[in-house]
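The data block below is upload_26.txt; it holds compact mmCIF, C-alpha atoms (C1' of nucleotides).
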```
# COMPACT_ATOMS: atom_id res chain seq x y z
CA MET A 1 16.96 -16.49 -4.25
CA ASN A 2 14.36 -19.08 -5.11
CA SER A 3 15.14 -22.75 -4.78
CA SER A 4 13.61 -26.00 -5.89
CA ARG A 5 11.70 -26.11 -9.17
CA THR A 6 12.43 -29.76 -9.66
CA ALA A 7 9.09 -30.99 -10.97
CA ASP A 8 8.17 -30.90 -14.61
CA ARG A 9 5.20 -29.01 -15.88
CA PRO A 10 2.64 -31.38 -17.40
CA GLY A 11 2.82 -31.62 -21.15
CA LEU A 12 6.09 -29.79 -21.38
CA ASP A 13 8.51 -32.39 -20.14
CA LEU A 14 9.70 -33.21 -23.57
CA VAL A 15 12.36 -30.75 -24.58
CA ASP A 16 15.19 -31.40 -22.22
CA VAL A 17 15.82 -32.89 -18.84
CA GLY A 18 18.05 -30.00 -17.92
CA THR A 19 15.24 -27.49 -18.31
CA PRO A 20 12.89 -28.46 -15.53
CA GLY A 21 9.78 -27.16 -17.21
CA CYS A 22 9.41 -23.63 -15.93
CA SER A 23 11.72 -22.12 -18.54
CA PRO A 24 13.77 -20.19 -16.01
CA ALA A 25 14.95 -17.25 -18.08
CA GLU A 26 13.43 -17.92 -21.45
CA LEU A 27 10.72 -15.32 -21.21
CA GLU A 28 10.77 -12.50 -23.70
CA GLY A 29 9.45 -9.00 -23.54
CA ALA A 30 11.28 -8.40 -20.30
CA MET A 31 11.23 -4.66 -19.76
CA GLY A 32 14.56 -3.38 -18.54
CA VAL A 33 14.90 -2.68 -14.86
CA GLU A 34 15.73 0.99 -15.38
CA GLN A 35 12.98 1.40 -17.93
CA ALA A 36 10.46 -0.18 -15.58
CA ALA A 37 11.64 1.99 -12.71
CA ALA A 38 11.37 5.14 -14.81
CA LEU A 39 7.90 4.29 -16.05
CA ALA A 40 6.79 3.36 -12.56
CA HIS A 41 8.12 6.65 -11.25
CA THR A 42 6.17 8.52 -13.90
CA MET A 43 3.02 6.57 -13.18
CA LYS A 44 3.37 7.14 -9.45
CA ALA A 45 2.83 10.79 -10.25
CA LEU A 46 -0.52 9.86 -11.75
CA ALA A 47 -1.56 7.32 -9.14
CA ASP A 48 -3.11 9.86 -6.80
CA PRO A 49 -6.68 11.12 -6.69
CA ALA A 50 -5.70 14.71 -6.03
CA ARG A 51 -3.24 14.82 -8.90
CA LEU A 52 -5.68 13.17 -11.28
CA ARG A 53 -8.24 15.77 -10.39
CA VAL A 54 -5.67 18.49 -10.87
CA LEU A 55 -4.97 17.21 -14.35
CA ALA A 56 -8.66 16.97 -15.09
CA LEU A 57 -9.20 20.51 -13.88
CA VAL A 58 -6.32 21.87 -15.92
CA ALA A 59 -7.36 19.85 -18.97
CA GLY A 60 -10.93 21.04 -18.66
CA ASN A 61 -9.86 24.67 -18.57
CA GLU A 62 -7.26 24.57 -21.25
CA GLY A 63 -8.08 28.05 -22.48
CA ARG A 64 -8.09 29.67 -19.08
CA GLU A 65 -4.86 29.24 -17.25
CA VAL A 66 -5.09 27.87 -13.75
CA CYS A 67 -3.32 29.12 -10.65
CA VAL A 68 -2.90 27.49 -7.28
CA CYS A 69 -5.70 29.35 -5.58
CA ASP A 70 -8.06 28.03 -8.23
CA LEU A 71 -7.40 24.49 -7.12
CA THR A 72 -7.48 24.64 -3.35
CA ASP A 73 -11.23 24.98 -3.17
CA PRO A 74 -12.28 22.32 -5.71
CA LEU A 75 -9.80 19.85 -4.30
CA GLY A 76 -10.53 20.57 -0.66
CA LEU A 77 -6.84 20.56 0.14
CA SER A 78 -4.61 23.11 1.78
CA GLN A 79 -2.46 25.40 -0.29
CA PRO A 80 0.87 23.70 0.59
CA THR A 81 -0.58 20.33 -0.37
CA VAL A 82 -1.82 21.63 -3.71
CA SER A 83 1.53 23.23 -4.36
CA HIS A 84 3.21 19.94 -3.54
CA HIS A 85 1.05 18.00 -5.99
CA LEU A 86 1.66 20.59 -8.66
CA LYS A 87 5.38 20.29 -8.10
CA VAL A 88 5.15 16.52 -8.51
CA LEU A 89 3.21 16.90 -11.74
CA VAL A 90 5.59 19.52 -13.08
CA ASP A 91 8.55 17.38 -12.10
CA ALA A 92 7.01 14.41 -13.88
CA GLY A 93 6.63 16.46 -17.03
CA PHE A 94 2.85 16.64 -17.12
CA LEU A 95 2.47 20.32 -16.31
CA THR A 96 4.37 23.50 -16.99
CA ARG A 97 4.61 26.28 -14.46
CA GLU A 98 4.61 29.82 -15.67
CA LYS A 99 4.97 32.40 -12.95
CA ARG A 100 3.67 35.82 -13.93
CA GLY A 101 4.15 38.21 -11.10
CA VAL A 102 2.78 36.76 -7.89
CA TRP A 103 0.57 34.22 -9.57
CA ALA A 104 1.74 30.91 -10.92
CA TYR A 105 -0.21 29.59 -13.88
CA PHE A 106 -0.17 25.95 -14.83
CA SER A 107 -0.93 24.31 -18.13
CA LEU A 108 -0.54 20.71 -19.18
CA VAL A 109 2.14 19.55 -21.55
CA PRO A 110 0.46 18.27 -24.73
CA GLY A 111 1.23 14.66 -25.48
CA ALA A 112 2.66 13.83 -22.08
CA LEU A 113 -0.34 11.74 -21.05
CA ASP A 114 -0.43 10.05 -24.43
CA ALA A 115 3.25 9.16 -24.15
CA VAL A 116 2.61 7.42 -20.85
CA ALA A 117 -0.42 5.66 -22.27
CA ALA A 118 1.64 4.43 -25.20
CA ALA A 119 4.46 3.24 -22.93
CA LEU A 120 2.25 0.77 -21.12
CA PRO A 121 3.30 -2.81 -21.79
CA GLY A 122 0.94 -4.57 -24.13
CA VAL A 123 -1.14 -1.61 -25.25
CA GLY A 124 -0.42 -2.25 -28.89
CA THR A 125 -0.12 -5.99 -28.41
CA PRO A 126 -3.57 -7.53 -28.71
CA SER A 127 -3.48 -11.27 -28.08
CA MET B 128 -9.60 24.83 5.36
CA ASN B 129 -8.07 27.47 3.18
CA SER B 130 -8.64 31.11 3.92
CA SER B 131 -8.01 34.46 2.27
CA ARG B 132 -8.18 34.83 -1.49
CA THR B 133 -9.28 38.43 -1.38
CA ALA B 134 -7.29 39.94 -4.21
CA ASP B 135 -8.44 39.94 -7.80
CA ARG B 136 -6.43 38.35 -10.52
CA PRO B 137 -5.32 40.88 -13.16
CA GLY B 138 -7.39 40.81 -16.29
CA LEU B 139 -10.05 38.50 -14.97
CA ASP B 140 -12.02 40.79 -12.69
CA LEU B 141 -14.72 41.29 -15.24
CA VAL B 142 -17.29 38.56 -14.83
CA ASP B 143 -18.72 39.16 -11.42
CA VAL B 144 -17.85 41.06 -8.30
CA GLY B 145 -18.96 38.19 -6.13
CA THR B 146 -16.33 35.92 -7.61
CA PRO B 147 -13.12 37.32 -6.21
CA GLY B 148 -11.01 36.52 -9.23
CA CYS B 149 -9.87 33.00 -8.59
CA SER B 150 -13.17 31.51 -9.70
CA PRO B 151 -13.58 29.38 -6.60
CA ALA B 152 -15.67 26.54 -7.96
CA GLU B 153 -16.14 27.57 -11.55
CA LEU B 154 -13.65 25.13 -12.97
CA GLU B 155 -14.97 22.48 -15.27
CA GLY B 156 -13.78 19.01 -16.04
CA ALA B 157 -13.64 18.26 -12.35
CA MET B 158 -13.37 14.52 -12.09
CA GLY B 159 -15.56 13.13 -9.36
CA VAL B 160 -13.91 12.25 -6.11
CA GLU B 161 -14.93 8.60 -6.32
CA GLN B 162 -13.96 8.40 -9.96
CA ALA B 163 -10.56 9.90 -9.23
CA ALA B 164 -10.05 7.55 -6.31
CA ALA B 165 -10.99 4.53 -8.41
CA LEU B 166 -8.69 5.53 -11.25
CA ALA B 167 -5.89 6.28 -8.82
CA HIS B 168 -6.37 2.90 -7.21
CA THR B 169 -6.15 1.23 -10.61
CA MET B 170 -3.07 3.21 -11.55
CA LYS B 171 -1.40 2.43 -8.26
CA ALA B 172 -1.44 -1.17 -9.41
CA LEU B 173 0.63 -0.13 -12.40
CA ALA B 174 2.93 2.28 -10.61
CA ASP B 175 5.43 -0.35 -9.57
CA PRO B 176 8.51 -1.58 -11.45
CA ALA B 177 7.95 -5.22 -10.56
CA ARG B 178 4.33 -5.19 -11.71
CA LEU B 179 5.18 -3.40 -14.92
CA ARG B 180 7.77 -6.04 -15.66
CA VAL B 181 5.27 -8.75 -14.85
CA LEU B 182 2.86 -7.28 -17.36
CA ALA B 183 5.61 -6.97 -19.94
CA LEU B 184 6.62 -10.57 -19.38
CA VAL B 185 3.07 -11.84 -19.65
CA ALA B 186 2.39 -9.66 -22.67
CA GLY B 187 5.57 -10.83 -24.36
CA ASN B 188 4.61 -14.47 -23.91
CA GLU B 189 0.99 -14.26 -24.79
CA GLY B 190 0.94 -17.65 -26.47
CA ARG B 191 2.73 -19.44 -23.69
CA GLU B 192 0.96 -19.15 -20.39
CA VAL B 193 3.04 -17.97 -17.49
CA CYS B 194 3.14 -19.41 -14.01
CA VAL B 195 4.61 -17.97 -10.84
CA CYS B 196 7.85 -19.90 -10.97
CA ASP B 197 8.47 -18.43 -14.42
CA LEU B 198 8.57 -14.96 -12.94
CA THR B 199 10.64 -15.30 -9.79
CA ASP B 200 13.91 -15.64 -11.65
CA PRO B 201 13.50 -12.83 -14.21
CA LEU B 202 12.22 -10.46 -11.56
CA GLY B 203 14.75 -11.37 -8.91
CA LEU B 204 12.04 -11.41 -6.27
CA SER B 205 10.95 -14.05 -3.82
CA GLN B 206 7.96 -16.25 -4.54
CA PRO B 207 5.64 -14.60 -1.98
CA THR B 208 6.45 -11.20 -3.38
CA VAL B 209 5.71 -12.31 -6.92
CA SER B 210 2.48 -13.89 -5.76
CA HIS B 211 1.57 -10.65 -4.03
CA HIS B 212 2.16 -8.60 -7.14
CA LEU B 213 0.16 -11.04 -9.21
CA LYS B 214 -2.70 -10.78 -6.76
CA VAL B 215 -2.62 -7.02 -7.04
CA LEU B 216 -2.70 -7.18 -10.82
CA VAL B 217 -5.49 -9.75 -10.83
CA ASP B 218 -7.44 -7.70 -8.31
CA ALA B 219 -7.01 -4.61 -10.48
CA GLY B 220 -8.39 -6.50 -13.48
CA PHE B 221 -5.23 -6.64 -15.55
CA LEU B 222 -4.57 -10.36 -15.25
CA THR B 223 -6.61 -13.50 -14.99
CA ARG B 224 -5.53 -16.41 -12.87
CA GLU B 225 -6.28 -19.89 -14.12
CA LYS B 226 -5.21 -22.64 -11.76
CA ARG B 227 -4.73 -25.96 -13.48
CA GLY B 228 -3.71 -28.56 -10.95
CA VAL B 229 -0.83 -27.30 -8.90
CA TRP B 230 0.24 -24.63 -11.31
CA ALA B 231 -1.36 -21.23 -11.67
CA TYR B 232 -1.22 -19.72 -15.12
CA PHE B 233 -1.66 -16.03 -15.68
CA SER B 234 -2.71 -14.20 -18.81
CA LEU B 235 -3.50 -10.56 -19.29
CA VAL B 236 -7.02 -9.29 -19.83
CA PRO B 237 -7.25 -7.84 -23.33
CA GLY B 238 -8.22 -4.20 -23.37
CA ALA B 239 -7.63 -3.56 -19.70
CA LEU B 240 -4.51 -1.51 -20.28
CA ASP B 241 -6.18 0.37 -23.11
CA ALA B 242 -9.13 1.19 -20.88
CA VAL B 243 -6.82 2.75 -18.32
CA ALA B 244 -4.96 4.62 -21.02
CA ALA B 245 -8.24 5.98 -22.32
CA ALA B 246 -9.42 6.99 -18.86
CA LEU B 247 -6.54 9.39 -18.36
CA PRO B 248 -7.73 12.98 -18.17
CA GLY B 249 -6.93 14.85 -21.32
CA VAL B 250 -5.78 11.98 -23.50
CA GLY B 251 -8.35 12.66 -26.16
CA THR B 252 -8.37 16.37 -25.45
CA PRO B 253 -5.59 17.99 -27.46
CA SER B 254 -5.65 21.70 -26.62
C1' DC C 255 9.83 52.15 1.52
C1' DC C 256 6.58 49.41 3.60
C1' DG C 257 2.70 46.35 3.76
C1' DG C 258 -0.13 42.72 1.76
C1' DG C 259 -0.98 38.62 -0.43
C1' DG C 260 0.05 34.53 -3.42
C1' DT C 261 3.38 30.81 -3.56
C1' DA C 262 7.08 27.64 -2.28
C1' DT C 263 9.61 25.27 1.31
C1' DC C 264 10.35 22.92 5.89
C1' DG C 265 9.37 19.86 9.68
C1' DA C 266 6.47 16.57 11.50
C1' DC C 267 3.12 12.94 11.67
C1' DA C 268 0.21 9.12 10.23
C1' DC C 269 -0.65 5.94 6.86
C1' DT C 270 0.34 2.99 3.03
C1' DC C 271 3.23 -0.07 0.48
C1' DG C 272 6.98 -3.29 -1.04
C1' DT C 273 9.65 -6.97 0.60
C1' DC C 274 10.92 -11.19 2.86
C1' DA C 275 10.92 -15.44 6.11
C1' DA C 276 7.92 -18.66 7.84
C1' DT C 277 3.93 -21.15 7.38
C1' DC C 278 -0.26 -23.21 5.51
C1' DC C 279 -3.08 -25.06 1.82
C1' DC C 280 -3.98 -27.99 -1.81
C1' DC C 281 -3.33 -31.06 -5.62
C1' DG C 282 -0.95 -34.86 -8.02
C1' DA C 283 2.02 -38.82 -7.75
C1' DT C 284 3.65 -42.92 -5.75
C1' DA D 285 -2.80 -42.79 2.56
C1' DT D 286 1.41 -40.53 2.57
C1' DC D 287 4.71 -37.57 0.50
C1' DG D 288 6.40 -33.84 -2.34
C1' DG D 289 6.12 -29.50 -4.26
C1' DG D 290 3.94 -25.19 -6.28
C1' DG D 291 1.36 -21.39 -4.72
C1' DA D 292 -1.18 -18.30 -1.41
C1' DT D 293 -1.41 -16.26 3.15
C1' DT D 294 0.38 -14.19 7.51
C1' DG D 295 3.20 -11.22 10.28
C1' DA D 296 6.66 -7.97 10.59
C1' DC D 297 9.74 -4.32 9.29
C1' DG D 298 11.73 -0.47 6.68
C1' DA D 299 10.98 2.93 3.16
C1' DG D 300 8.12 6.01 0.86
C1' DT D 301 4.28 9.32 0.64
C1' DG D 302 0.20 12.46 1.44
C1' DT D 303 -1.25 15.84 4.51
C1' DC D 304 -1.05 19.96 7.28
C1' DG D 305 0.71 24.07 10.16
C1' DA D 306 4.23 27.30 10.31
C1' DT D 307 7.33 29.92 7.97
C1' DA D 308 10.18 32.09 4.38
C1' DC D 309 10.23 34.17 -0.21
C1' DC D 310 8.98 37.58 -3.48
C1' DC D 311 6.48 40.62 -6.32
C1' DC D 312 3.16 44.40 -6.70
C1' DG D 313 0.52 48.45 -5.00
C1' DG D 314 0.27 52.51 -2.26
```
Before we go any further, please render this structure as structure tokens.
Amino acid sequence: MNSSRTADRPGLDLVDVGTPGCSPAELEGAMGVEQAAALAHTMKALADPARLRVLALVAGNEGREVCVCDLTDPLGLSQPTVSHHLKVLVDAGFLTREKRGVWAYFSLVPGALDAVAAALPGVGTPS
Amino acid sequence: MNSSRTADRPGLDLVDVGTPGCSPAELEGAMGVEQAAALAHTMKALADPARLRVLALVAGNEGREVCVCDLTDPLGLSQPTVSHHLKVLVDAGFLTREKRGVWAYFSLVPGALDAVAAALPGVGTPS
DNA sequence: CCGGGGTATCGACACTCGTCAATCCCCGAT
DNA sequence: ATCGGGGATTGACGAGTGTCGATACCCCGG
């Protein structure tokens, strides 16, 4: 817990003596804790170079479906690692996995990236 | 290094015999390694509940500038932790720090969030 | 029925990251 | 000049994560 905060902020010491100037809990726009955790969890799935490249590769070959063995070489990662990243992306709702026979084809969920982009705080709040 | 990949994928063995079916490096839209690393580094700054709430708080109080002591209470974090998160956000280019006297006021950089949202692979690429 | 090959899972390891207590710095006020 | 207080930095620790090798699964072809 934080202590102190006994000094007044200059130019704001007018309202009340009880409010010491830092407006302790008067801030608005506070994103809920669960909402922030959920969004952070979703963005953690994107905050990785390998996964971003996976998305770029899948997005760039939207017509042709992409399997795991297509990604190991361009990414320079081992097959278990690529499979792990794909699982993370599928679990986050960015990709869909369609297993036909032995091969697993991945395609990106339309609108998933846009939903994340729109959920960022302050995107539609200019000044 | 990955090995094998000797079998052909069904229905795609038509282009060339030299390409064994998984089209080793024929994928397009491959984001550069540095570019992916930079974007991932930027998104890592956003992939945290505390930092997302900081941005929401700053964005929700655009008119009133926000100092560190304003954030410790709503976030429930200690002052060093809040300062650390603010440093990360400033370093990532999402916030600007303006120190007037003893107090440090933070305001968000307009367009920074939108730039990240636009840099996501496949945002403007619907099918 | 058996073998091969693509894929997913497991265990382990190294590295990064979020958090706090303690401390230091720096500016304004007295 | 001295004091007080807001903010940044340091050091440390626990949790989370990316990576790989080894292995298990499972479907298809012969």
> Near chain B, which residues of chain C fall within 9 Å when you count only C-alpha atoms (C1' of nucleotides), and what do they look like as a ChimeraX atom specification?
Replying inline: /C:259-260,272-274,280-282
> Could you work out how far atom CA of Arg178 of chain B lies from atom CA of Arg53 of chain A, giving the answer in Å with one decimal?
Replying inline: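 Atom CA of Arg53 of chain A sits 24.5 Å away from atom CA of Arg178 of chain B.
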> Suppose you want the space between atom C1' of DG265 of chain C and atom CA of Met43 of chain A; what is it in Å?
Replying inline: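 Atom C1' of DG265 of chain C sits 27.2 Å away from atom CA of Met43 of chain A.
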Hey, what's within 10 Å of Gly249 of chain B if we count only C-alpha atoms (C1' of nucleotides) and toss same-chain stuff fewer than 5 positions away? As a PDB file with C-alpha atoms, in the coordinates of the input, please?
```
ATOM      1  CA  LEU A  55      -4.970  17.210 -14.350  1.00  0.00           C
ATOM      2  CA  ALA A  56      -8.660  16.970 -15.090  1.00  0.00           C
ATOM      3  CA  LEU A  57      -9.200  20.510 -13.880  1.00  0.00           C
ATOM      4  CA  VAL A  58      -6.320  21.870 -15.920  1.00  0.00           C
ATOM      5  CA  ALA A  59      -7.360  19.850 -18.970  1.00  0.00           C
ATOM      6  CA  GLY A  60     -10.930  21.040 -18.660  1.00  0.00           C
ATOM      7  CA  GLU A  62      -7.260  24.570 -21.250  1.00  0.00           C
ATOM      8  CA  LEU A 108      -0.540  20.710 -19.180  1.00  0.00           C
ATOM      9  CA  PRO A 110       0.460  18.270 -24.730  1.00  0.00           C
ATOM     10  CA  GLY A 111       1.230  14.660 -25.480  1.00  0.00           C
ATOM     11  CA  ALA A 112       2.660  13.830 -22.080  1.00  0.00           C
ATOM     12  CA  LEU A 113      -0.340  11.740 -21.050  1.00  0.00           C
ATOM     13  CA  ASP A 114      -0.430  10.050 -24.430  1.00  0.00           C
TER      14      ASP A 114
ATOM     15  CA  GLY B 156     -13.780  19.010 -16.040  1.00  0.00           C
ATOM     16  CA  SER B 254      -5.650  21.700 -26.620  1.00  0.00           C
TER      17      SER B 254
END
```
>> Could you tell me how far atom C1' of DA262 of chain C sits from atom C1' of DG314 of chain D, in Å to one decimal place?
In response: 25.8 Å
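Shortest atom-to-atom contact with chain B among A:Val82, A:Leu75, A:Val68, A:Ala47: A:Ala47, counting all atoms listed in the file.
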Mind dumping a table of every chain D residue within 9 Å of chain A, with the nearest atom pair and its distance in Å to one decimal, using all atoms listed in the file, sorted by chain and rising number, as CSV?
```
residue,atom,partner,partner_atom,distance
D:DG289,C1',A:Ala7,CA,7.5
D:DG290,C1',A:Arg5,CA,8.3
D:DG302,C1',A:Thr81,CA,8.1
D:DT303,C1',A:Thr81,CA,6.7
D:DC304,C1',A:Ser78,CA,7.3
D:DC310,C1',A:Val102,CA,7.7
D:DC311,C1',A:Val102,CA,5.6
D:DC312,C1',A:Gly101,CA,7.7
```
